[in-house]
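Novice: Sharing a structure with you now.
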Amino acid sequence: MLSPKIKYLLYLADNALILGHRNSEWCGHGPILEQDIAVTNISLDLVGQARNFYQYAASEIGNNTTEDSLAYLRDVREFKNCLITELPNGDWGQTILRQFFFSTYQYFLYTALKDCNDEQLAAIAEKSLKEVTYHVRWSSEWVIRLGDGTAESHQRMLTALDNLWNYTGEMLIPSAYEKEINEALAIKGADSLAEKWNRKIKEVLEEATLPVPQSAWSQQGGKEGMHTEHLGYILAEMQFLQRAYPGVEW
Amino acid sequence: MLSPKIKYLLYLADNALILGHRNSEWCGHGPILEQDIAVTNISLDLVGQARNFYQYAASEIGNNTTEDSLAYLRDVREFKNCLITELPNGDWGQTILRQFFFSTYQYFLYTALKDCNDEQLAAIAEKSLKEVTYHVRWSSEWVIRLGDGTAESHQRMLTALDNLWNYTGEMLIPSAYEKEINEALAIKGADSLAEKWNRKIKEVLEEATLPVPQSAWSQQGGKEGMHTEHLGYILAEMQFLQRAYPGVEW
Amino acid sequence: MEKDFEKIFQDKIDREVRIEPRDWMPEKYRQTLIRQISQHAHSEIVGMLPEGNWITRAPNLRRKAILLAKVQDEAGHGLYLYSAAETLGISRDEMYHQLHTGKAKYSSIFNYPTLSWADMGAIGWLVDGAAIMNQVPLCRTSFGPYARAMVRVCKEESFHQRQGFEILLTLSRGNEAQKKMAQDSIDRWWWPSIMMFGPKDDESPNTQLSMKWKIKRFTNDELRQKFVDVCAEQIKILGLTIPDPELKWNEERGHYDFGPINWDEFWQVVQGNGPCNKERLEARRKAWDDGAWVREAASAYAAKRKNDTTEAAA
Amino acid sequence: MEKDFEKIFQDKIDREVRIEPRDWMPEKYRQTLIRQISQHAHSEIVGMLPEGNWITRAPNLRRKAILLAKVQDEAGHGLYLYSAAETLGISRDEMYHQLHTGKAKYSSIFNYPTLSWADMGAIGWLVDGAAIMNQVPLCRTSFGPYARAMVRVCKEESFHQRQGFEILLTLSRGNEAQKKMAQDSIDRWWWPSIMMFGPKDDESPNTQLSMKWKIKRFTNDELRQKFVDVCAEQIKILGLTIPDPELKWNEERGHYDFGPINWDEFWQVVQGNGPCNKERLEARRKAWDDGAWVREAASAYAAKRKNDTTEAAA
């Protein structure tokens, strides 16, 4: 059994890796060259964050665990990322909206973590927060631009909202290990995350002339390893080389 | 180095497996329930043929080689299937047209093989020929139906022709190991394969009111393990469990 | 007059004479059957998706072939059942339309995701097992075409169930990771399977009429108890655990007791909030929409050929 | 008059004074540069695809991050180069249009598939290596914006080349499968890389004028020889083989001799018959078409905001 702290670190890492993976699928296929660069950059930031969290988790686990054994040698049921991160990209609007939802969550989460009483975790959070601040700005500007752009872009954003909204609750509902860690590491503000998130989302959606959905139902499970059918395909692809050529240097 | 015979058996097996894999992606997603069943059935036949060829190859190779080690533990550059089998399915028209092209090739090939002087190979070919005869009938009927159906279906078949035609030549141009085997196993009619294939294709395309493309250029390489970028993704997915959980019974 | 027909009808039912499509039947009987048979057909078709999800990833060629054949069988079951429903005066396209618009339901179990290969085992053992428990009595259901379709379905389903059990058996004898995979799968599929028998009898208003018309021959709770009793024995062969701490043999009742069912979850999934409801329906709608041009071309071609034949005959 | 301008122009060139966008230049100079710079920009953009193909499958997190950064750099190079070309009076959209309709070319090397992880090494070492060999002299090319763009590009490219070599080095020190993977990759990429320098000098009609205008400073064959000489030494560090049995040091020439190039293959690929021509162009067209609504929305939004500002100012 993994300790709550290790679970928590894996949760942070898996979120960043899987969302980074999805964003990286855009690389070379973006709608505008500058935005291709931007989304790849976010992907790169997220992979970097994942590495920091995995490295920390690996050092806590010991036994020759490495960032790569954690990323490449666990199967679906061991991954703890939120479901929203593993959903297919959909169109550019859906990718953007997911990024906005998730980056806003990361923003408030890392803001709380940077003052926690675990020095290393606080340091990673603080470093990541700079990146995430930009992700929030970039994605919120795009949400507004597309929501308040043309009739087509508005309609597409409504569809994206419909596809994603039920997956947003999971971020904000703490799992058992999150609750334990919030207490153990004295993470202040963890209990007001949902409120802050909702306020920011409301503000941006309104500026984007998009409605704030009222549905209260949340898809959940990712935090405990109960995923969608998409994650298996992500891992089959991502892990192929490590699985096919085990135990070598790359 | 593999002997020409083993290469040849792997060639036959890989073609059947990879085309079977592509067809199986339709299962549950076909345009008409009866046709969903039909394409899945063809997939099943092809996987069955692949198993026979792999089993024969495995017995020739020895060393604990099995049908599964051949299917699941080789990487892209070791697969010998024709490129056309690994191309994405495209729409139903493209899937059908590929099936027609490839089944027609298999039909004449197996017809020749069933009289070769290798008893086991001849037996597999004879057994498979019954299935392939049906595949040719089914796919040619659909090519005609779609070619001579609506304006849209006709247009889609033209696009499919354009996408596939340059990949048909590879089937008909023998590799070094095919030439050796044609001689060693006294495979009669191997040298008239292209002629028979072209005649049949012409006949059906004409009935389908579709033009016979004139382009003489052929994409090649699959027979020697030089594939498209698609095969890597197929294998990552197909081989995941064998790679992730090595050496166990399923 | 209507009263007389109804008497004759009920009389036939009581004497175990099959009702055939051309026979008089109460409208409510017809509607109940259409609803039930089409729901059953839709379940076969939607049920292809969670298993189809593992065809390309089956762990060896033998399992791949078996799984392909199994999912193909389900499509075949869908065909029999749509045909049976059509004898009641509804077209297949109409039934599809009801499915795609959410008017018709399908078995909620298929709204759960398949997350590991072991799920191919658990679905075979538990889901097909529960289905058989429901379906075997339907081989004697009062409506002829439905009963005959069920005979064919049941024969294949029991084959599927054995295959599923065998997948779990192999995993249970494998290494630690495989055992864990098998147990995890049973943990996830047990309760949804138990729910497949539907609401408790006292909350199932249609049961009484269906029993009177011999569409159903056992109540939901009766079938559920039977299923639990069978599984509680079979799990011992697997050396695995059913995830219900209250599961215990009750000498007095001659049955296994089992814990309370989470009906909240059941109703959430029925109402569309299961993990995969949206994806399943979207996959079916997409197949239908993407296939429109194929169906149109096939009709257009058939019409041309028919004209040719007519002209040639003239 | 035109003659005078032309004399002043050539005089500047000869004195190594940079030509700037507002300076007078012969139309043919402008057109040659537009063609060359846009082709170069397109190569960066299309070149993202074969490597992008391995981002999701990079074998560890460090390599994944490096590869992401590299492909992102290529997009950045595309940006610099499109901007440089724009100073000559062509818009980026126009250049895209030429790419999508097949009017503009891009480097043929990107029409080969990436079939293994080792290809990330071989592309870095050989393809970027050949590119650098071409590009370093371009840092001193006569057109200012192009030369300045190339300075930035070259700095990053040489970094990429080292990373590529390091991938191969790691593989060459790995197990047998890895060594084989590395050798196979070099076998596949060597000859296409050699072809990157273009046709032989006596079949390259534009070379002379480009040299006179100091767009080019070395001929194709000169650069090719230089590249072969460098690689023939570097391969020794890898302990692998360059797939050319005729590769041999020629004491007299002070250069490596090498075997004949398959120009048939070169022209086939240039003419659209490479393994991936069709897919590369389709990928680019699809990105463009799928992105149309995004670009339209961005313009529409910008226009609204501009109106707001204007109204507020009024």
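Lettering and numbering for the structure tokens are positional, with chains as A, B, ... in the shown order, residues counted from 1 in each chain, and ligands counted from 1 in the shown order.
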Output the contact residues of chain B with respect to chain D at a cut-off of 7 Å, based on only C-alpha atoms, as a list in words.
Specialist: Gln219, Thr228 and Glu229 of chain B
Novice: Residues near range 155-165 of chain D, anyone? I mean within 8 Å using only C-alpha atoms, not counting same-chain ones fewer than 6 positions away, as a ChimeraX atom specification.
Specialist: /D:70,73,120-126,128-129,132
Novice: What would the file look like if the residues just selected were written as a PDB file, in the first residue's frame with C-alpha atoms?
Specialist:
```
ATOM      1  CA  LYS D  70      13.017  20.360 -30.435  1.00  0.00           C
ATOM      2  CA  ASP D  73      11.975  24.965 -31.996  1.00  0.00           C
ATOM      3  CA  MET D 120      15.035  10.682 -33.736  1.00  0.00           C
ATOM      4  CA  GLY D 121      18.776  10.220 -33.447  1.00  0.00           C
ATOM      5  CA  ALA D 122      19.476   9.836 -37.142  1.00  0.00           C
ATOM      6  CA  ILE D 123      17.340  12.840 -38.037  1.00  0.00           C
ATOM      7  CA  GLY D 124      19.195  14.938 -35.513  1.00  0.00           C
ATOM      8  CA  TRP D 125      22.614  13.763 -36.541  1.00  0.00           C
ATOM      9  CA  LEU D 126      22.215  13.432 -40.303  1.00  0.00           C
ATOM     10  CA  ASP D 128      19.935  18.440 -38.995  1.00  0.00           C
ATOM     11  CA  GLY D 129      23.609  17.945 -39.720  1.00  0.00           C
ATOM     12  CA  ILE D 132      23.403  23.037 -40.741  1.00  0.00           C
TER      13      ILE D 132
END
```
Novice: Determine, counting only C-alpha atoms, which protein, DNA and RNA residues have an atom within 9 Å of an atom of range 13-19 of chain B; residues of the same chain fewer than 6 positions away are not included. Present the result as a VMD selection string.
Specialist: chain B and resid 43 45 to 54 57 71 79 to 87 99 102 231 234
Novice: If we count only C-alpha atoms and set the cut-off at 10 Å, which residues sit around Asn163 in chain A, ignoring sequence neighbours fewer than 3 positions away in its own chain? Please answer as a list of chain:residue names.
Specialist: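 Here the qualifying residues turn out to be A:Ile84, A:Leu87, A:Gly90, A:Gln94, A:Arg98, A:Met157, A:Leu158, A:Thr159, A:Ala160, A:Asn166, A:Tyr167, C:Lys278.
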Novice: If the cut-off is 12 Å, can you tell me the residues of chain A near chain B, counting only C-alpha atoms? I'd like them as a PyMOL selection string.
Specialist: chain A and resi 72-76+231-246
Novice: Could you dump the residues just selected with C-alpha atoms as a compact mmCIF listing (two decimals), in the first residue's frame?
Specialist:
```
# COMPACT_ATOMS: atom_id res chain seq x y z
CA TYR A 72 6.17 3.90 -17.91
CA LEU A 73 5.66 0.78 -15.84
CA ARG A 74 2.32 1.29 -14.17
CA ASP A 75 -0.94 0.16 -15.78
CA VAL A 76 -4.29 1.94 -15.99
CA LEU A 231 -6.35 5.85 -20.74
CA GLY A 232 -5.47 2.31 -21.80
CA TYR A 233 -4.79 3.48 -25.33
CA ILE A 234 -2.69 6.40 -24.10
CA LEU A 235 -0.54 4.08 -22.01
CA ALA A 236 -0.18 1.44 -24.74
CA GLU A 237 1.28 4.09 -26.98
CA MET A 238 3.26 6.01 -24.38
CA GLN A 239 4.82 2.98 -22.74
CA PHE A 240 5.57 0.92 -25.84
CA LEU A 241 9.35 1.29 -25.91
CA GLN A 242 9.86 0.78 -22.20
CA ARG A 243 7.69 -2.32 -22.33
CA ALA A 244 9.14 -3.74 -25.55
CA TYR A 245 12.77 -3.13 -24.62
CA PRO A 246 12.81 -3.44 -20.85
```
Novice: Determine the nearest neighbour of Glu206 in chain A from the options A:Lys130, A:Arg145, A:Arg77, A:Lys179, counting only C-alpha atoms.
Specialist: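 Nearest to Glu206 in chain A: A:Arg145.
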Novice: Step one, run DSSP on the backbone; step two, keep only residues of range 113-177 of chain C assigned to helix (DSSP H, G or I); then write them as a VMD selection string.
Specialist: chain C and resid 118 to 140 144 to 172 176 to 177
Novice: Would you mind exporting C-alpha atoms of the selected residues as a PDB file, in the first residue's frame?
Specialist:
```
ATOM      1  CA  ALA C 118      -9.886  -9.388 -17.002  1.00  0.00           C
ATOM      2  CA  ASP C 119     -13.082  -7.495 -17.756  1.00  0.00           C
ATOM      3  CA  MET C 120     -13.546  -9.811 -20.734  1.00  0.00           C
ATOM      4  CA  GLY C 121     -13.654 -12.579 -18.171  1.00  0.00           C
ATOM      5  CA  ALA C 122     -15.906 -10.816 -15.693  1.00  0.00           C
ATOM      6  CA  ILE C 123     -18.335  -9.727 -18.391  1.00  0.00           C
ATOM      7  CA  GLY C 124     -18.569 -13.283 -19.639  1.00  0.00           C
ATOM      8  CA  TRP C 125     -18.952 -14.809 -16.230  1.00  0.00           C
ATOM      9  CA  LEU C 126     -21.092 -12.217 -14.466  1.00  0.00           C
ATOM     10  CA  VAL C 127     -22.815 -10.145 -17.115  1.00  0.00           C
ATOM     11  CA  ASP C 128     -23.558 -12.993 -19.498  1.00  0.00           C
ATOM     12  CA  GLY C 129     -24.295 -15.132 -16.467  1.00  0.00           C
ATOM     13  CA  ALA C 130     -26.924 -12.692 -15.242  1.00  0.00           C
ATOM     14  CA  ALA C 131     -28.271 -12.365 -18.772  1.00  0.00           C
ATOM     15  CA  ILE C 132     -28.694 -16.121 -19.071  1.00  0.00           C
ATOM     16  CA  MET C 133     -30.468 -16.253 -15.738  1.00  0.00           C
ATOM     17  CA  ASN C 134     -32.929 -13.720 -17.158  1.00  0.00           C
ATOM     18  CA  GLN C 135     -33.110 -15.306 -20.568  1.00  0.00           C
ATOM     19  CA  VAL C 136     -33.509 -18.998 -19.955  1.00  0.00           C
ATOM     20  CA  PRO C 137     -37.083 -18.526 -18.722  1.00  0.00           C
ATOM     21  CA  LEU C 138     -37.694 -16.345 -21.767  1.00  0.00           C
ATOM     22  CA  CYS C 139     -37.237 -19.414 -23.963  1.00  0.00           C
ATOM     23  CA  ARG C 140     -40.719 -20.271 -22.699  1.00  0.00           C
ATOM     24  CA  GLY C 144     -43.536 -17.198 -30.132  1.00  0.00           C
ATOM     25  CA  PRO C 145     -40.921 -15.277 -32.132  1.00  0.00           C
ATOM     26  CA  TYR C 146     -39.328 -13.934 -28.951  1.00  0.00           C
ATOM     27  CA  ALA C 147     -39.218 -17.374 -27.358  1.00  0.00           C
ATOM     28  CA  ARG C 148     -37.622 -18.904 -30.457  1.00  0.00           C
ATOM     29  CA  ALA C 149     -35.054 -16.122 -30.707  1.00  0.00           C
ATOM     30  CA  MET C 150     -34.166 -16.693 -27.060  1.00  0.00           C
ATOM     31  CA  VAL C 151     -33.502 -20.365 -27.628  1.00  0.00           C
ATOM     32  CA  ARG C 152     -30.766 -19.521 -30.094  1.00  0.00           C
ATOM     33  CA  VAL C 153     -29.439 -16.698 -27.945  1.00  0.00           C
ATOM     34  CA  CYS C 154     -29.266 -18.802 -24.795  1.00  0.00           C
ATOM     35  CA  LYS C 155     -27.312 -21.557 -26.460  1.00  0.00           C
ATOM     36  CA  GLU C 156     -24.577 -19.128 -27.467  1.00  0.00           C
ATOM     37  CA  GLU C 157     -24.672 -17.133 -24.259  1.00  0.00           C
ATOM     38  CA  SER C 158     -23.915 -20.099 -22.094  1.00  0.00           C
ATOM     39  CA  PHE C 159     -20.933 -20.771 -24.311  1.00  0.00           C
ATOM     40  CA  HIS C 160     -19.812 -17.176 -23.773  1.00  0.00           C
ATOM     41  CA  GLN C 161     -20.239 -17.499 -20.071  1.00  0.00           C
ATOM     42  CA  ARG C 162     -17.982 -20.532 -19.940  1.00  0.00           C
ATOM     43  CA  GLN C 163     -15.368 -18.701 -21.978  1.00  0.00           C
ATOM     44  CA  GLY C 164     -15.528 -15.751 -19.600  1.00  0.00           C
ATOM     45  CA  PHE C 165     -15.157 -17.974 -16.581  1.00  0.00           C
ATOM     46  CA  GLU C 166     -12.193 -19.640 -18.221  1.00  0.00           C
ATOM     47  CA  ILE C 167     -10.481 -16.274 -18.752  1.00  0.00           C
ATOM     48  CA  LEU C 168     -10.844 -15.556 -15.051  1.00  0.00           C
ATOM     49  CA  LEU C 169      -9.720 -19.059 -14.144  1.00  0.00           C
ATOM     50  CA  THR C 170      -6.534 -18.653 -16.195  1.00  0.00           C
ATOM     51  CA  LEU C 171      -5.834 -15.297 -14.579  1.00  0.00           C
ATOM     52  CA  SER C 172      -6.557 -16.663 -11.111  1.00  0.00           C
ATOM     53  CA  GLU C 176       0.200 -11.889  -8.730  1.00  0.00           C
ATOM     54  CA  ALA C 177      -0.516  -9.135 -11.229  1.00  0.00           C
TER      55      ALA C 177
END
```
Novice: For the atom pair CA of Asn220 in chain D and CA of Phe197 in chain D, what is the interatomic distance in Å to one decimal place?
Specialist: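 These atoms are spaced 5.3 Å apart.
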Novice: Could you state the separation of CA of Thr111 in chain B and CA of Leu172 in chain B in Å, given to one decimal place?
Specialist: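 Between CA of Thr111 in chain B and CA of Leu172 in chain B the gap is 14.8 Å.
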Novice: Could you state the separation of CA of Cys231 in chain C and CA of Gly47 in chain C in Å, given to one decimal place?
Specialist: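 Here the two named atoms are 21.5 Å from each other.
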Novice: Would you mind telling me which residue in B:Ala151, B:Leu113, B:Leu193, B:Leu97 lies nearest to Leu205 in chain B when using only C-alpha atoms?
Specialist: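 Counting only C-alpha atoms, the residue closest to Leu205 in chain B is B:Leu97.
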Novice: Taking 6 positions as the minimum chain separation for residues in the same chain, which residues sit within 9 Å of range 91-94 of chain C when counting only C-alpha atoms? Answer as a PyMOL selection string.
Specialist: chain C and resi 38+82-83+85
Novice: So that I can check the surroundings of Gly76 in chain C, please list as a short mmCIF file (atom, residue, chain, number, x, y, z; two decimals) with N, CA and C atoms, in the first residue's frame every protein, DNA and RNA residue that reaches within 9 Å of it, counting only C-alpha atoms and ignoring chain neighbours fewer than 5 positions away.
Specialist:
```cif
data_model
loop_
_atom_site.label_atom_id
_atom_site.label_comp_id
_atom_site.auth_asym_id
_atom_site.auth_seq_id
_atom_site.Cartn_x
_atom_site.Cartn_y
_atom_site.Cartn_z
N LEU B 33 -26.02 -3.52 -39.66
CA LEU B 33 -25.72 -4.60 -38.72
C LEU B 33 -25.20 -5.86 -39.43
N GLU B 34 -25.85 -6.24 -40.52
CA GLU B 34 -25.42 -7.42 -41.26
C GLU B 34 -23.99 -7.28 -41.77
N ILE B 37 -21.40 -7.64 -39.05
CA ILE B 37 -21.15 -9.07 -38.87
C ILE B 37 -20.21 -9.59 -39.96
N GLU C 44 -27.75 -5.88 -26.90
CA GLU C 44 -26.77 -6.69 -27.62
C GLU C 44 -25.84 -5.80 -28.44
N VAL C 71 -18.15 -11.21 -29.94
CA VAL C 71 -18.79 -9.93 -30.21
C VAL C 71 -19.65 -10.05 -31.48
N LEU C 81 -33.24 -10.56 -32.52
CA LEU C 81 -34.18 -9.86 -31.66
C LEU C 81 -34.89 -8.72 -32.40
N VAL C 153 -30.31 -17.58 -28.73
CA VAL C 153 -29.44 -16.70 -27.95
C VAL C 153 -28.85 -17.44 -26.74
#
```
